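Asker: Dumping the structure here so I can ask a few things about it.
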Amino acid sequence: MIIAQDAQGEIDQSVIAEQKKRFSRDRQQGQKTSLEHLSTILHPDTVRKIHIAQETGASNWLTSLPIRAKGFNLNKQEFVDAVCSEVRLASEGLPNTCGVDPPTAQTTHDVQKGDSCVSRHDEVRDLTASMLKEVCHDVSTEPTLLPLDGELLRTGQPIPPLRLRVDICARGFWTRGQRTFLGHRVFDPMAASHRELSLGLSTTGTSWRRQGLWR
């Protein structure tokens with residue numbers, strides 16, 4: 001039986017925790033200082049890619065297990081092409097000639113020919129709709145909204161009679177039994193019209209319109 005115990009020589013756990021926090025802060029500050037220094041000497045495109053890689057969830061597609069049922073299981077060549085596309089590196093098999101001369105890894109994203117731009121948007125839409133069907137009801141793509149009956153804009157001008165559509169409609173997304181209309185936007189942060197904008201501003205369509213940069 002221990003009658004008395006001398007605490008001298010024992011390590012205070014609070015001191016250890018404080019030391020760990022200090023080491024973590026010093027390491028983060030050192031990394032931040034190094035990044036700020038590199039940003040002054042690297043090419044602007046490289047700095048932009050670093051900022052993209054720092055976004056929350058930017059590496060999820062690399063660390064998540066692929067879902068075979070959704071077609072996410074990539075073979076070796078597809079994985080290499082995906083990585084090259086992510087960091088804008090030239091991959092093998094690119095055509096020697098295209099609508100832009102000379103062809104580069106960036107032009108494969110920028111050329112407005114063929115149906116690649118439309119397919120990129122539609123694939124995200126269809127995948128989102130298929131996932132929503134597992135948890136929601138009455139899911140549809142590109143449903144037609146209610147027609148307009150003489151509504152006016154704030155300026156007093158009449159709204160043209162267009163057949164307005166949204167990307168996805170799902171029932172029970174936010175509230176049980178309530179329909180929710182969803183839209184998504186696919187954009188290239190390395191495009192010429194986005195390079196001068198911050199990533200947060202690039203994802204906001206209203207900011208594009210306000211600055212006259214809508215493409």
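Naming scheme: A, B, ... for chains in displayed order of the structure tokens; residues 1 onward per chain; ligands 1 onward as shown.
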Run DSSP on the backbone and grab whatever in range 15-210 of chain A lands in helix (DSSP H, G or I); send it over as a VMD selection string.

Answerer: chain A and resid 15 to 41 44 to 53 60 to 63 68 to 70 76 to 87 107 to 110 116 to 132 199 to 202 205 to 210

Asker: Next, the residues of the selection above should be written as a PDB file, in the first residue's frame with C-alpha atoms.

Answerer:
```pdb
ATOM      1  CA  VAL A  15       3.231  20.908 -20.445  1.00  0.00           C
ATOM      2  CA  ILE A  16       3.618  18.185 -23.077  1.00  0.00           C
ATOM      3  CA  ALA A  17       0.340  19.202 -24.722  1.00  0.00           C
ATOM      4  CA  GLU A  18       1.428  22.841 -24.804  1.00  0.00           C
ATOM      5  CA  GLN A  19       4.778  21.881 -26.350  1.00  0.00           C
ATOM      6  CA  LYS A  20       3.001  19.880 -29.071  1.00  0.00           C
ATOM      7  CA  LYS A  21       0.772  22.851 -29.867  1.00  0.00           C
ATOM      8  CA  ARG A  22       3.790  25.145 -30.061  1.00  0.00           C
ATOM      9  CA  PHE A  23       5.638  22.766 -32.393  1.00  0.00           C
ATOM     10  CA  SER A  24       2.551  22.530 -34.600  1.00  0.00           C
ATOM     11  CA  ARG A  25       2.187  26.321 -34.757  1.00  0.00           C
ATOM     12  CA  ASP A  26       5.869  26.765 -35.584  1.00  0.00           C
ATOM     13  CA  ARG A  27       5.677  24.138 -38.326  1.00  0.00           C
ATOM     14  CA  GLN A  28       2.584  25.716 -39.876  1.00  0.00           C
ATOM     15  CA  GLN A  29       4.135  29.169 -39.724  1.00  0.00           C
ATOM     16  CA  GLY A  30       7.301  27.871 -41.373  1.00  0.00           C
ATOM     17  CA  GLN A  31       5.318  26.229 -44.159  1.00  0.00           C
ATOM     18  CA  LYS A  32       3.305  29.411 -44.668  1.00  0.00           C
ATOM     19  CA  THR A  33       6.475  31.492 -44.874  1.00  0.00           C
ATOM     20  CA  SER A  34       8.008  29.076 -47.381  1.00  0.00           C
ATOM     21  CA  LEU A  35       4.863  29.174 -49.517  1.00  0.00           C
ATOM     22  CA  GLU A  36       4.816  32.972 -49.510  1.00  0.00           C
ATOM     23  CA  HIS A  37       8.444  32.992 -50.621  1.00  0.00           C
ATOM     24  CA  LEU A  38       7.804  30.458 -53.379  1.00  0.00           C
ATOM     25  CA  SER A  39       4.813  32.465 -54.583  1.00  0.00           C
ATOM     26  CA  THR A  40       7.145  35.347 -55.415  1.00  0.00           C
ATOM     27  CA  ILE A  41       9.515  33.280 -57.572  1.00  0.00           C
ATOM     28  CA  PRO A  44       1.769  32.469 -61.765  1.00  0.00           C
ATOM     29  CA  ASP A  45       0.211  29.315 -63.232  1.00  0.00           C
ATOM     30  CA  THR A  46       2.151  27.167 -60.754  1.00  0.00           C
ATOM     31  CA  VAL A  47       1.032  29.379 -57.866  1.00  0.00           C
ATOM     32  CA  ARG A  48      -2.551  29.038 -59.083  1.00  0.00           C
ATOM     33  CA  LYS A  49      -2.233  25.242 -59.120  1.00  0.00           C
ATOM     34  CA  ILE A  50      -0.892  25.299 -55.555  1.00  0.00           C
ATOM     35  CA  HIS A  51      -3.913  27.295 -54.412  1.00  0.00           C
ATOM     36  CA  ILE A  52      -6.227  24.835 -56.181  1.00  0.00           C
ATOM     37  CA  ALA A  53      -4.517  21.899 -54.453  1.00  0.00           C
ATOM     38  CA  ASN A  60     -10.647  13.428 -52.182  1.00  0.00           C
ATOM     39  CA  TRP A  61     -10.746  11.747 -55.571  1.00  0.00           C
ATOM     40  CA  LEU A  62      -7.217  10.419 -54.949  1.00  0.00           C
ATOM     41  CA  THR A  63      -7.772   9.116 -51.414  1.00  0.00           C
ATOM     42  CA  ARG A  68     -17.134   0.301 -59.390  1.00  0.00           C
ATOM     43  CA  ALA A  69     -20.899   0.527 -59.867  1.00  0.00           C
ATOM     44  CA  LYS A  70     -20.550   4.222 -60.781  1.00  0.00           C
ATOM     45  CA  LYS A  76      -3.472   2.539 -65.047  1.00  0.00           C
ATOM     46  CA  GLN A  77      -3.648   4.713 -68.171  1.00  0.00           C
ATOM     47  CA  GLU A  78      -6.899   6.375 -67.099  1.00  0.00           C
ATOM     48  CA  PHE A  79      -5.436   7.175 -63.685  1.00  0.00           C
ATOM     49  CA  VAL A  80      -2.323   8.728 -65.256  1.00  0.00           C
ATOM     50  CA  ASP A  81      -4.495  10.778 -67.620  1.00  0.00           C
ATOM     51  CA  ALA A  82      -6.649  11.954 -64.709  1.00  0.00           C
ATOM     52  CA  VAL A  83      -3.610  13.105 -62.723  1.00  0.00           C
ATOM     53  CA  CYS A  84      -2.164  14.873 -65.779  1.00  0.00           C
ATOM     54  CA  SER A  85      -5.484  16.582 -66.379  1.00  0.00           C
ATOM     55  CA  GLU A  86      -5.663  17.680 -62.743  1.00  0.00           C
ATOM     56  CA  VAL A  87      -2.211  19.306 -62.713  1.00  0.00           C
ATOM     57  CA  THR A 107      -6.053  23.672 -74.622  1.00  0.00           C
ATOM     58  CA  THR A 108      -7.632  20.255 -74.108  1.00  0.00           C
ATOM     59  CA  HIS A 109      -9.835  21.975 -71.505  1.00  0.00           C
ATOM     60  CA  ASP A 110     -10.338  25.239 -73.384  1.00  0.00           C
ATOM     61  CA  SER A 116     -16.476  17.555 -74.460  1.00  0.00           C
ATOM     62  CA  CYS A 117     -17.699  20.711 -72.691  1.00  0.00           C
ATOM     63  CA  VAL A 118     -21.313  19.552 -72.770  1.00  0.00           C
ATOM     64  CA  SER A 119     -20.428  16.012 -71.697  1.00  0.00           C
ATOM     65  CA  ARG A 120     -18.430  17.274 -68.699  1.00  0.00           C
ATOM     66  CA  HIS A 121     -21.482  19.167 -67.477  1.00  0.00           C
ATOM     67  CA  ASP A 122     -23.966  16.396 -68.245  1.00  0.00           C
ATOM     68  CA  GLU A 123     -21.891  13.663 -66.603  1.00  0.00           C
ATOM     69  CA  VAL A 124     -21.807  15.585 -63.323  1.00  0.00           C
ATOM     70  CA  ARG A 125     -25.548  16.213 -63.607  1.00  0.00           C
ATOM     71  CA  ASP A 126     -26.389  12.573 -64.338  1.00  0.00           C
ATOM     72  CA  LEU A 127     -24.094  11.268 -61.592  1.00  0.00           C
ATOM     73  CA  THR A 128     -25.619  13.633 -59.033  1.00  0.00           C
ATOM     74  CA  ALA A 129     -29.116  12.587 -60.091  1.00  0.00           C
ATOM     75  CA  SER A 130     -28.276   8.885 -59.818  1.00  0.00           C
ATOM     76  CA  MET A 131     -26.909   9.376 -56.300  1.00  0.00           C
ATOM     77  CA  LEU A 132     -29.963  11.405 -55.271  1.00  0.00           C
ATOM     78  CA  LEU A 199     -11.022  30.739 -56.344  1.00  0.00           C
ATOM     79  CA  GLY A 200     -13.853  31.840 -54.081  1.00  0.00           C
ATOM     80  CA  LEU A 201     -14.866  34.566 -56.521  1.00  0.00           C
ATOM     81  CA  SER A 202     -14.586  32.232 -59.512  1.00  0.00           C
ATOM     82  CA  GLY A 205     -21.711  33.449 -60.885  1.00  0.00           C
ATOM     83  CA  THR A 206     -23.099  36.724 -59.520  1.00  0.00           C
ATOM     84  CA  SER A 207     -19.559  37.997 -59.049  1.00  0.00           C
ATOM     85  CA  TRP A 208     -18.755  37.144 -62.666  1.00  0.00           C
ATOM     86  CA  ARG A 209     -21.760  39.125 -63.864  1.00  0.00           C
ATOM     87  CA  ARG A 210     -20.990  42.038 -61.554  1.00  0.00           C
TER      88      ARG A 210
END
```

Asker: If we count only C-alpha atoms and set the cut-off at 9 Å, which residues sit around Arg163 in chain A, ignoring sequence neighbours fewer than 3 positions away in its own chain? Please answer as a compact mmCIF listing (two decimals) with C-alpha atoms, in the first residue's frame.

Answerer:
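selection-v3.txt written:
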```txt
# COMPACT_ATOMS: atom_id res chain seq x y z
CA THR A 144 -39.29 22.49 -67.11
CA LEU A 145 -40.24 25.16 -64.59
CA LEU A 146 -43.67 26.75 -64.40
CA PRO A 147 -44.36 29.14 -67.29
CA LEU A 148 -44.29 32.88 -66.71
```

Asker: Considering only C-alpha atoms, can you say which of A:Leu153, A:Ile168, A:Leu162, A:Leu197 comes closest to His184 in chain A?

Answerer: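 Going through A:Leu153, A:Ile168, A:Leu162, A:Leu197 one by one, the smallest distance to His184 in chain A is for A:Ile168.
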
Asker: Kindly give the distance, in Å, that separates CA of Cys136 in chain A and CA of Ala58 in chain A, rounded to a single decimal.

Answerer: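 So the two atoms, CA of Cys136 in chain A and CA of Ala58 in chain A, lie 26.7 Å apart.
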
Asker: Record the distance separating CA of Gly150 in chain A and CA of Val166 in chain A, expressed in Å with one decimal.

Answerer: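 Those two atoms sit 20.5 Å apart.
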
Asker: Restricting the calculation to only C-alpha atoms, which member of A:Thr56, A:Thr155, A:Ser140, A:Val135 is positioned closest to Gly172 in chain A?

Answerer: A:Val135
